[in-house]
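*Asks:* One file is attached below, start27.cif, containing mmCIF, C-alpha atoms.
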data_model
#
loop_
_atom_site.group_PDB
_atom_site.id
_atom_site.type_symbol
_atom_site.label_atom_id
_atom_site.label_comp_id
_atom_site.auth_asym_id
_atom_site.auth_seq_id
_atom_site.Cartn_x
_atom_site.Cartn_y
_atom_site.Cartn_z
ATOM 1 C CA MET A 27 -10.925 -9.017 12.529
ATOM 2 C CA GLN A 28 -10.533 -5.799 10.548
ATOM 3 C CA LYS A 29 -9.672 -6.291 6.876
ATOM 4 C CA LEU A 30 -8.489 -3.941 4.166
ATOM 5 C CA PHE A 31 -10.841 -2.969 1.347
ATOM 6 C CA GLY A 32 -11.399 -0.539 -1.509
ATOM 7 C CA THR A 33 -8.536 1.839 -2.230
ATOM 8 C CA VAL A 34 -5.731 1.432 0.277
ATOM 9 C CA ILE A 35 -3.129 4.203 0.163
ATOM 10 C CA PRO A 36 0.546 3.310 0.663
ATOM 11 C CA ILE A 37 1.418 6.886 1.535
ATOM 12 C CA VAL A 38 4.719 8.525 0.682
ATOM 13 C CA THR A 39 6.999 9.600 3.518
ATOM 14 C CA PRO A 40 7.315 13.407 3.436
ATOM 15 C CA LEU A 41 10.809 14.705 4.171
ATOM 16 C CA THR A 42 12.166 18.133 5.033
ATOM 17 C CA GLU A 43 15.008 19.599 3.003
ATOM 18 C CA ASP A 44 17.397 18.525 5.783
ATOM 19 C CA ASP A 45 16.172 14.915 5.442
ATOM 20 C CA LYS A 46 13.970 14.620 8.536
ATOM 21 C CA ILE A 47 10.413 13.289 8.700
ATOM 22 C CA ASP A 48 8.114 16.195 7.839
ATOM 23 C CA VAL A 49 5.369 15.671 10.416
ATOM 24 C CA GLU A 50 3.160 18.564 9.316
ATOM 25 C CA SER A 51 3.192 17.470 5.675
ATOM 26 C CA LEU A 52 2.433 13.940 6.813
ATOM 27 C CA LYS A 53 -0.653 15.156 8.668
ATOM 28 C CA ARG A 54 -1.813 17.088 5.593
ATOM 29 C CA LEU A 55 -1.302 13.956 3.500
ATOM 30 C CA VAL A 56 -3.445 11.899 5.872
ATOM 31 C CA ASP A 57 -6.235 14.486 5.619
ATOM 32 C CA HIS A 58 -5.851 14.688 1.835
ATOM 33 C CA CYS A 59 -6.359 10.945 1.444
ATOM 34 C CA ILE A 60 -9.277 10.686 3.860
ATOM 35 C CA ASP A 61 -11.038 13.839 2.680
ATOM 36 C CA ASN A 62 -10.896 12.545 -0.899
ATOM 37 C CA GLY A 63 -12.677 9.312 -0.067
ATOM 38 C CA MET A 64 -9.840 6.827 0.241
ATOM 39 C CA ASN A 65 -10.676 3.784 2.344
ATOM 40 C CA CYS A 66 -7.556 2.855 4.308
ATOM 41 C CA LEU A 67 -3.998 4.101 4.947
ATOM 42 C CA TYR A 68 -0.841 1.979 4.697
ATOM 43 C CA PRO A 69 2.250 3.848 5.924
ATOM 44 C CA ASN A 70 5.845 2.605 5.647
ATOM 45 C CA GLY A 71 5.253 0.519 2.540
ATOM 46 C CA THR A 72 7.292 0.436 -0.638
ATOM 47 C CA THR A 73 5.880 3.823 -1.647
ATOM 48 C CA GLY A 74 6.979 5.131 1.755
ATOM 49 C CA GLU A 75 10.643 4.322 0.931
ATOM 50 C CA MET A 76 10.560 1.850 3.814
ATOM 51 C CA MET A 77 13.958 0.234 3.354
ATOM 52 C CA TYR A 78 15.686 3.628 3.362
ATOM 53 C CA MET A 79 14.110 4.643 6.673
ATOM 54 C CA THR A 80 15.448 3.799 10.121
ATOM 55 C CA VAL A 81 13.358 1.828 12.596
ATOM 56 C CA GLU A 82 12.881 4.966 14.706
ATOM 57 C CA GLU A 83 11.779 7.007 11.688
ATOM 58 C CA ARG A 84 9.271 4.325 10.761
ATOM 59 C CA LYS A 85 7.900 4.340 14.298
ATOM 60 C CA LEU A 86 7.465 8.111 14.118
ATOM 61 C CA VAL A 87 5.614 7.890 10.798
ATOM 62 C CA ALA A 88 3.321 5.166 12.146
ATOM 63 C CA GLU A 89 2.592 7.136 15.322
ATOM 64 C CA VAL A 90 1.724 10.328 13.439
ATOM 65 C CA VAL A 91 -0.513 8.535 10.944
ATOM 66 C CA VAL A 92 -2.406 6.511 13.545
ATOM 67 C CA GLU A 93 -2.894 9.483 15.882
ATOM 68 C CA HIS A 94 -3.883 11.955 13.166
ATOM 69 C CA THR A 95 -6.208 9.511 11.409
ATOM 70 C CA ALA A 96 -8.076 9.148 14.706
ATOM 71 C CA LYS A 97 -10.044 6.105 13.505
ATOM 72 C CA ARG A 98 -11.567 7.933 10.529
ATOM 73 C CA VAL A 99 -10.333 5.050 8.353
ATOM 74 C CA PRO A 100 -8.342 1.905 9.184
ATOM 75 C CA VAL A 101 -4.546 2.182 9.364
ATOM 76 C CA PHE A 102 -2.431 -0.874 8.621
ATOM 77 C CA VAL A 103 1.282 -0.305 9.161
ATOM 78 C CA GLN A 104 3.753 -2.075 6.874
ATOM 79 C CA VAL A 105 6.369 -3.518 9.241
ATOM 80 C CA GLY A 106 8.541 -5.753 7.059
ATOM 81 C CA ALA A 107 12.178 -4.724 7.482
ATOM 82 C CA TRP A 108 15.723 -5.802 6.757
ATOM 83 C CA ASN A 109 15.643 -8.545 9.391
ATOM 84 C CA GLN A 110 13.213 -10.488 11.545
ATOM 85 C CA ALA A 111 14.080 -8.723 14.810
ATOM 86 C CA ASP A 112 13.325 -5.273 13.372
ATOM 87 C CA THR A 113 10.142 -6.593 11.781
ATOM 88 C CA ILE A 114 8.907 -7.929 15.116
ATOM 89 C CA GLU A 115 9.859 -4.700 16.886
ATOM 90 C CA LEU A 116 7.834 -2.683 14.364
ATOM 91 C CA ALA A 117 4.917 -5.132 14.527
ATOM 92 C CA GLN A 118 4.712 -4.864 18.304
ATOM 93 C CA HIS A 119 4.991 -1.081 18.052
ATOM 94 C CA ALA A 120 2.019 -1.039 15.668
ATOM 95 C CA VAL A 121 -0.038 -2.900 18.266
ATOM 96 C CA LYS A 122 1.084 -0.523 21.017
ATOM 97 C CA ILE A 123 0.077 2.654 19.151
ATOM 98 C CA GLY A 124 -3.371 1.385 18.198
ATOM 99 C CA ALA A 125 -2.971 0.524 14.523
ATOM 100 C CA ASP A 126 -5.734 -1.608 13.045
ATOM 101 C CA GLY A 127 -3.358 -4.210 11.646
ATOM 102 C CA ILE A 128 -0.071 -4.736 9.823
ATOM 103 C CA GLY A 129 1.276 -5.723 6.440
ATOM 104 C CA VAL A 130 4.510 -7.718 6.328
ATOM 105 C CA VAL A 131 6.622 -7.797 3.197
ATOM 106 C CA THR A 132 8.694 -10.897 2.541
ATOM 107 C CA PRO A 133 12.331 -10.786 3.635
ATOM 108 C CA VAL A 134 14.398 -9.100 0.946
ATOM 109 C CA PHE A 135 17.705 -9.546 -0.912
ATOM 110 C CA TYR A 136 18.511 -13.124 0.198
ATOM 111 C CA LYS A 137 16.536 -15.980 -1.355
ATOM 112 C CA LEU A 138 14.583 -18.110 1.128
ATOM 113 C CA SER A 139 12.843 -21.465 0.780
ATOM 114 C CA ASP A 140 9.097 -21.732 1.318
ATOM 115 C CA GLN A 141 9.800 -23.172 4.757
ATOM 116 C CA GLY A 142 11.968 -20.164 5.559
ATOM 117 C CA LEU A 143 9.090 -17.859 4.616
ATOM 118 C CA ILE A 144 6.630 -19.912 6.669
ATOM 119 C CA ASP A 145 8.917 -19.769 9.710
ATOM 120 C CA PHE A 146 9.347 -16.012 9.303
ATOM 121 C CA TYR A 147 5.618 -15.318 9.142
ATOM 122 C CA LYS A 148 4.928 -17.674 12.055
ATOM 123 C CA ALA A 149 7.425 -15.721 14.169
ATOM 124 C CA VAL A 150 5.928 -12.335 13.265
ATOM 125 C CA SER A 151 2.359 -13.574 13.699
ATOM 126 C CA ALA A 152 3.165 -15.024 17.126
ATOM 127 C CA SER A 153 4.727 -11.728 18.270
ATOM 128 C CA VAL A 154 1.370 -9.889 18.164
ATOM 129 C CA PRO A 155 -2.071 -10.767 19.610
ATOM 130 C CA GLU A 156 -4.053 -13.528 17.902
ATOM 131 C CA ASP A 157 -6.838 -11.064 17.079
ATOM 132 C CA PHE A 158 -4.494 -8.488 15.503
ATOM 133 C CA PRO A 159 -4.820 -8.729 11.683
ATOM 134 C CA VAL A 160 -1.743 -9.534 9.602
ATOM 135 C CA TYR A 161 -1.484 -9.279 5.814
ATOM 136 C CA LEU A 162 1.223 -11.047 3.873
ATOM 137 C CA TYR A 163 2.867 -8.807 1.283
ATOM 138 C CA SER A 164 4.685 -10.088 -1.782
ATOM 139 C CA ILE A 165 6.452 -7.870 -4.304
ATOM 140 C CA PRO A 166 8.907 -10.309 -5.903
ATOM 141 C CA GLN A 167 10.188 -7.847 -8.497
ATOM 142 C CA ASN A 168 11.681 -5.817 -5.612
ATOM 143 C CA ALA A 169 12.137 -8.257 -2.748
ATOM 144 C CA ILE A 170 13.453 -11.355 -4.589
ATOM 145 C CA ASN A 171 11.269 -13.674 -2.492
ATOM 146 C CA ASP A 172 7.778 -14.550 -3.669
ATOM 147 C CA ILE A 173 4.826 -16.157 -1.899
ATOM 148 C CA THR A 174 3.060 -18.940 -3.765
ATOM 149 C CA PRO A 175 -0.590 -19.800 -3.076
ATOM 150 C CA ASP A 176 0.540 -23.092 -1.516
ATOM 151 C CA CYS A 177 2.964 -21.275 0.800
ATOM 152 C CA ALA A 178 0.310 -18.691 1.731
ATOM 153 C CA ALA A 179 -2.158 -21.487 2.525
ATOM 154 C CA LYS A 180 0.346 -23.139 4.865
ATOM 155 C CA ILE A 181 1.000 -19.829 6.632
ATOM 156 C CA ALA A 182 -2.744 -19.166 6.974
ATOM 157 C CA ALA A 183 -3.314 -22.645 8.390
ATOM 158 C CA GLU A 184 -0.806 -22.036 11.184
ATOM 159 C CA CYS A 185 -1.263 -18.329 11.953
ATOM 160 C CA PRO A 186 -4.698 -17.379 13.325
ATOM 161 C CA ASN A 187 -4.238 -13.657 12.673
ATOM 162 C CA VAL A 188 -3.085 -13.895 9.042
ATOM 163 C CA VAL A 189 -6.178 -12.724 7.169
ATOM 164 C CA GLY A 190 -4.958 -12.037 3.637
ATOM 165 C CA ILE A 191 -2.303 -10.903 1.198
ATOM 166 C CA LYS A 192 -1.294 -7.861 -0.793
ATOM 167 C CA TYR A 193 0.123 -9.233 -4.024
ATOM 168 C CA SER A 194 2.073 -6.774 -6.150
ATOM 169 C CA PHE A 195 2.825 -8.769 -9.282
ATOM 170 C CA PRO A 196 0.378 -8.810 -12.238
ATOM 171 C CA ASP A 197 -0.505 -12.510 -12.249
ATOM 172 C CA MET A 198 -4.289 -12.965 -12.352
ATOM 173 C CA THR A 199 -4.111 -16.742 -12.044
ATOM 174 C CA LYS A 200 -2.072 -16.532 -8.870
ATOM 175 C CA LEU A 201 -4.299 -13.766 -7.480
ATOM 176 C CA GLN A 202 -7.385 -15.949 -7.996
ATOM 177 C CA ASN A 203 -5.627 -18.938 -6.445
ATOM 178 C CA PHE A 204 -4.988 -16.870 -3.310
ATOM 179 C CA MET A 205 -8.761 -16.337 -3.119
ATOM 180 C CA THR A 206 -9.316 -20.093 -2.685
ATOM 181 C CA ILE A 207 -7.431 -20.070 0.640
ATOM 182 C CA THR A 208 -9.386 -20.221 3.880
ATOM 183 C CA ALA A 209 -7.965 -18.385 6.876
ATOM 184 C CA LYS A 210 -7.584 -20.320 10.117
ATOM 185 C CA ASN A 211 -10.731 -18.688 11.531
ATOM 186 C CA GLY A 212 -12.732 -19.987 8.577
ATOM 187 C CA ASP A 213 -13.016 -16.696 6.663
ATOM 188 C CA PRO A 214 -12.113 -16.418 2.969
ATOM 189 C CA PHE A 215 -8.598 -15.092 2.414
ATOM 190 C CA SER A 216 -8.589 -11.345 1.743
ATOM 191 C CA VAL A 217 -6.731 -10.509 -1.480
ATOM 192 C CA LEU A 218 -5.589 -7.034 -2.533
ATOM 193 C CA VAL A 219 -3.766 -6.252 -5.739
ATOM 194 C CA GLY A 220 -0.764 -3.966 -6.141
ATOM 195 C CA PRO A 221 -0.817 -3.332 -9.927
ATOM 196 C CA ASP A 222 -3.379 -0.553 -10.394
ATOM 197 C CA HIS A 223 -4.644 -1.692 -13.777
ATOM 198 C CA LEU A 224 -6.055 -4.844 -12.159
ATOM 199 C CA PHE A 225 -8.195 -3.030 -9.554
ATOM 200 C CA GLU A 226 -11.535 -3.659 -11.244
ATOM 201 C CA ALA A 227 -10.623 -7.103 -12.564
ATOM 202 C CA VAL A 228 -9.485 -8.445 -9.202
ATOM 203 C CA CYS A 229 -12.535 -7.087 -7.373
ATOM 204 C CA ALA A 230 -14.847 -8.539 -10.021
ATOM 205 C CA VAL A 231 -13.644 -12.054 -9.199
ATOM 206 C CA GLY A 232 -13.632 -11.751 -5.413
ATOM 207 C CA GLY A 233 -10.751 -9.498 -4.418
ATOM 208 C CA GLU A 234 -11.048 -6.798 -1.764
ATOM 209 C CA GLY A 235 -9.374 -3.853 -3.498
ATOM 210 C CA VAL A 236 -6.149 -2.196 -4.601
ATOM 211 C CA VAL A 237 -3.129 -0.812 -2.761
ATOM 212 C CA SER A 238 -2.363 2.250 -4.860
ATOM 213 C CA GLY A 239 0.168 5.027 -4.551
ATOM 214 C CA ASN A 240 -1.234 6.623 -7.694
ATOM 215 C CA ALA A 241 -4.525 7.169 -5.866
ATOM 216 C CA MET A 242 -2.889 9.843 -3.685
ATOM 217 C CA CYS A 243 -2.673 11.995 -6.802
ATOM 218 C CA ILE A 244 -5.943 11.069 -8.536
ATOM 219 C CA PRO A 245 -8.209 9.987 -5.656
ATOM 220 C CA GLU A 246 -11.461 10.957 -7.385
ATOM 221 C CA HIS A 247 -10.852 8.340 -10.065
ATOM 222 C CA TYR A 248 -10.233 5.544 -7.570
ATOM 223 C CA ALA A 249 -13.276 6.553 -5.539
ATOM 224 C CA ALA A 250 -15.326 6.346 -8.745
ATOM 225 C CA VAL A 251 -13.995 2.886 -9.610
ATOM 226 C CA TRP A 252 -14.739 1.603 -6.097
ATOM 227 C CA LYS A 253 -18.235 3.103 -6.029
ATOM 228 C CA ALA A 254 -19.045 1.423 -9.350
ATOM 229 C CA ILE A 255 -17.613 -1.909 -8.175
ATOM 230 C CA GLN A 256 -19.713 -1.806 -5.013
ATOM 231 C CA ALA A 257 -22.802 -1.127 -7.145
ATOM 232 C CA LYS A 258 -21.764 -3.994 -9.466
ATOM 233 C CA ASP A 259 -21.946 -1.514 -12.335
ATOM 234 C CA TYR A 260 -19.037 -2.950 -14.280
ATOM 235 C CA ASP A 261 -19.637 -0.859 -17.384
ATOM 236 C CA ALA A 262 -19.001 2.242 -15.272
ATOM 237 C CA ALA A 263 -16.138 0.572 -13.406
ATOM 238 C CA THR A 264 -14.452 -0.289 -16.702
ATOM 239 C CA LYS A 265 -14.809 3.286 -17.947
ATOM 240 C CA TYR A 266 -13.284 4.727 -14.759
ATOM 241 C CA GLN A 267 -10.578 2.049 -14.675
ATOM 242 C CA ARG A 268 -9.483 3.018 -18.183
ATOM 243 C CA GLN A 269 -9.250 6.661 -17.105
ATOM 244 C CA THR A 270 -6.946 5.691 -14.250
ATOM 245 C CA ASN A 271 -4.828 3.615 -16.622
ATOM 246 C CA ILE A 272 -4.204 6.645 -18.861
ATOM 247 C CA LEU A 273 -3.299 8.881 -15.924
ATOM 248 C CA ASN A 274 -1.153 6.228 -14.282
ATOM 249 C CA SER A 275 0.881 5.826 -17.457
ATOM 250 C CA VAL A 276 1.907 9.449 -16.949
ATOM 251 C CA LEU A 277 2.506 9.142 -13.198
ATOM 252 C CA CYS A 278 4.589 6.001 -13.598
ATOM 253 C CA LYS A 279 6.547 7.011 -16.694
ATOM 254 C CA ILE A 280 9.872 7.578 -14.907
ATOM 255 C CA ASN A 281 9.915 7.263 -11.112
ATOM 256 C CA ASN A 282 6.443 6.919 -9.693
ATOM 257 C CA ILE A 283 7.262 7.687 -6.031
ATOM 258 C CA ALA A 284 9.183 10.835 -6.948
ATOM 259 C CA ALA A 285 6.303 11.770 -9.272
ATOM 260 C CA TYR A 286 3.800 11.424 -6.427
ATOM 261 C CA LYS A 287 5.805 13.870 -4.345
ATOM 262 C CA VAL A 288 5.950 16.366 -7.204
ATOM 263 C CA VAL A 289 2.172 16.266 -7.677
ATOM 264 C CA LEU A 290 1.449 16.432 -3.953
ATOM 265 C CA LYS A 291 3.795 19.391 -3.487
ATOM 266 C CA ASN A 292 2.173 21.126 -6.444
ATOM 267 C CA GLU A 293 -1.198 20.691 -4.702
ATOM 268 C CA GLY A 294 0.111 22.109 -1.429
ATOM 269 C CA VAL A 295 -0.001 18.825 0.474
ATOM 270 C CA LEU A 296 3.764 18.348 0.818
ATOM 271 C CA ALA A 297 6.332 21.028 1.539
ATOM 272 C CA THR A 298 9.117 19.391 -0.496
ATOM 273 C CA THR A 299 9.715 16.722 -3.119
ATOM 274 C CA LYS A 300 12.700 15.395 -1.167
ATOM 275 C CA MET A 301 13.520 11.704 -1.660
ATOM 276 C CA ARG A 302 15.604 9.626 0.732
ATOM 277 C CA ARG A 303 18.971 9.064 -0.894
ATOM 278 C CA PRO A 304 20.052 7.194 -2.865
ATOM 279 C CA TYR A 305 16.526 7.365 -4.277
ATOM 280 C CA GLU A 306 16.426 9.967 -7.052
ATOM 281 C CA ASN A 307 14.221 13.013 -7.449
ATOM 282 C CA LEU A 308 12.799 13.918 -10.824
ATOM 283 C CA THR A 309 14.845 16.499 -12.702
ATOM 284 C CA PRO A 310 13.305 19.983 -13.136
ATOM 285 C CA GLU A 311 12.633 19.115 -16.770
ATOM 286 C CA GLN A 312 10.865 15.894 -15.793
ATOM 287 C CA GLU A 313 8.792 17.714 -13.168
ATOM 288 C CA LYS A 314 7.672 20.276 -15.744
ATOM 289 C CA GLU A 315 6.751 17.599 -18.268
ATOM 290 C CA LEU A 316 4.816 15.613 -15.653
ATOM 291 C CA LEU A 317 2.754 18.549 -14.407
ATOM 292 C CA GLU A 318 2.055 19.851 -17.906
ATOM 293 C CA LYS A 319 0.870 16.456 -19.123
ATOM 294 C CA LEU A 320 -1.372 15.925 -16.097
ATOM 295 C CA ALA A 321 -2.821 19.430 -16.466
ATOM 296 C CA GLU A 322 -3.503 18.738 -20.135
ATOM 297 C CA LEU A 323 -5.428 15.615 -19.108
ATOM 298 C CA GLU A 324 -7.335 17.542 -16.388
ATOM 299 C CA TYR A 325 -6.169 14.820 -14.039
ATOM 300 C CA ARG A 326 -8.431 15.549 -11.047
ATOM 301 C CA LYS A 327 -11.576 15.552 -13.214
ATOM 302 C CA VAL A 328 -13.563 12.341 -13.508
ATOM 303 C CA ASN A 329 -15.186 12.103 -16.944
ATOM 304 C CA ASP A 330 -18.688 10.719 -16.477
#
Hey, can you dump this file as structure tokens for me?
*Replies:*
Amino acid sequence: MQKLFGTVIPIVTPLTEDDKIDVESLKRLVDHCIDNGMNCLYPNGTTGEMMYMTVEERKLVAEVVVEHTAKRVPVFVQVGAWNQADTIELAQHAVKIGADGIGVVTPVFYKLSDQGLIDFYKAVSASVPEDFPVYLYSIPQNAINDITPDCAAKIAAECPNVVGIKYSFPDMTKLQNFMTITAKNGDPFSVLVGPDHLFEAVCAVGGEGVVSGNAMCIPEHYAAVWKAIQAKDYDAATKYQRQTNILNSVLCKINNIAAYKVVLKNEGVLATTKMRRPYENLTPEQEKELLEKLAELEYRKVND
């Protein structure tokens, strides 16, 4: 089954000034990511403002991304939603449109037991074909619910299409414990990290890659890190990782998703910086400061 690897891009959701999905900007964004060497696309994730989008809007985004990508890179659609029924509807839609797999964030807002999480993932897994890859997705700082290695192992033991996890909390011990899980088909569990500063470190100990919104804005740097990791040149990987850390401290200073849209509009990829309310845009002063600081750092230039 297809797995995620390298730099996976949780793309933003471009919006028009009248708050509709901006299909043309979305197509340009897909091309921007692929043309700059990114390995996989992950629409409708946290960076895509998923919980502020309707089910129909999320279907539209997924359809545009899958069709426009045209198998140039894998597309895994994030389908976790406010309830199980919507999650299953989006999961089955991802299968229908030809996505390569799905990511499924934990249920949000209400605290569940481990058994509640296991039952949820069993239901979603069973709603799609057994050979259709499913990634667990845990971001406890946003979603309240967390997935422990023990819980993930129990889910993997019962769900033949659950192949791995995207873990978005900076806990190296837990990330390495996920790597000891064996999927039901006998493959090692695929582990991707959300925190960008752990990209190299996680891959060095057996992880598959990073899921990075920052990489939309500085793709050359992430491509350089991944190339060095694949060559097992960890001196180079460390150097490039440190460059990304400096740039990401600028991108993530205030509101990282709004910052991504500012940078991408400045580069001509997006038509607007519109955020889905109540999510906030950067102020004009913040936009100016962001772009000036990035320009000062020559942010698209990889220092060899």
*Asks:* Need to verify the contact set: stretch 97-110 of chain A, 8 Å, only C-alpha atoms, exclusion of same-chain residues closer than 3 positions in sequence. Can you return it as a ChimeraX atom specification?
*Replies:* /A:30,60,65-71,76-77,88,91-92,113-114,116-117,120,125-134,146,150
*Asks:* Can you tell me how far atom CA of A:Asp172 sits from atom CA of A:Tyr147, in Å to one decimal?
*Replies:*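 Answer for the atom CA of A:Asp172 to atom CA of A:Tyr147 separation: 13.0 Å.
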*Asks:* For the structure shown, which residues end up in the PyMOL selection byres ((chain A and resi 205) around 12)? Put them as a ChimeraX atom specification, please?
*Replies:* /A:175-176,178-179,189-193,198-204,206-209,213-219,228-229,231-234
*Asks:* May I ask for the distance between atom CA of A:Phe31 and atom CA of A:Arg84, given in Å to one decimal place?
*Replies:*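 According to the coordinates, atom CA of A:Phe31 and atom CA of A:Arg84 are separated by 23.4 Å.
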*Asks:* In the coordinates of the file, take the point (-3.0, -3.7, 18.9) and a cut-off of 6 Å; then, counting only C-alpha atoms, name each qualifying protein, DNA or RNA residue as a CSV table (one decimal) with C-alpha atoms, keeping the file's coordinate frame.
*Replies:*
chain,number,residue,atom,x,y,z
A,121,VAL,CA,0.0,-2.9,18.3
A,122,LYS,CA,1.1,-0.5,21.0
A,124,GLY,CA,-3.4,1.4,18.2
*Asks:* Taking the file above as input, evaluate the PyMOL selection byres ((chain A and resi 273) around 9) and report the hits as number ranges by chain.
*Replies:* A: 240, 244, 268-272, 274-278, 320, 323, 325
*Asks:* Between A:Ile123, A:Ile283, A:Ala257, A:Ala96, which residue has the minimum interatomic distance to A:Gly74, considering only C-alpha atoms?
*Replies:*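 Nearest candidate to A:Gly74 out of A:Ile123, A:Ile283, A:Ala257, A:Ala96: A:Ile283.
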*Asks:* Between A:Ala183, A:Ile165, A:Ala249, A:Cys59, single out the one closest to A:Gly220, counting only C-alpha atoms.
*Replies:*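 Among the listed residues, the smallest separation from A:Gly220 belongs to A:Ile165.
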*Asks:* List the residues matched by the PyMOL selection byres ((chain A and resi 305-310) around 10) in the displayed structure as a list in words, ordered by chain and then by residue number.
*Replies:*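 With the shown file as input, the PyMOL selection byres ((chain A and resi 305-310) around 10) matches Glu75, Tyr78, Ile280, Asn281, Asn282, Ile283, Ala284, Ala285, Lys287, Val288, Thr299, Lys300, Met301, Arg302, Arg303, Pro304, Glu311, Gln312, Glu313, Lys314, Glu315 and Leu316 of chain A.
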*Asks:* Write out as number ranges by chain which residues come within 10 Å of A:Gly294 when counting all atoms listed in the file, dropping same-chain ones fewer than 6 positions away.
*Replies:* A: 51, 54-55
*Asks:* Quick one: distance from atom CA of A:Gln28 to atom CA of A:Pro159 in Å, one decimal?
*Replies:* 6.5 Å
*Asks:* Can you pull out the residues contacting A:Phe158? Cut-off 7 Å, using all atoms listed in the file, and skip same-chain residues under 2 positions away; I want them as JSON, numbers by chain.
*Replies:* {"A": [127, 154, 155, 156, 160, 187]}
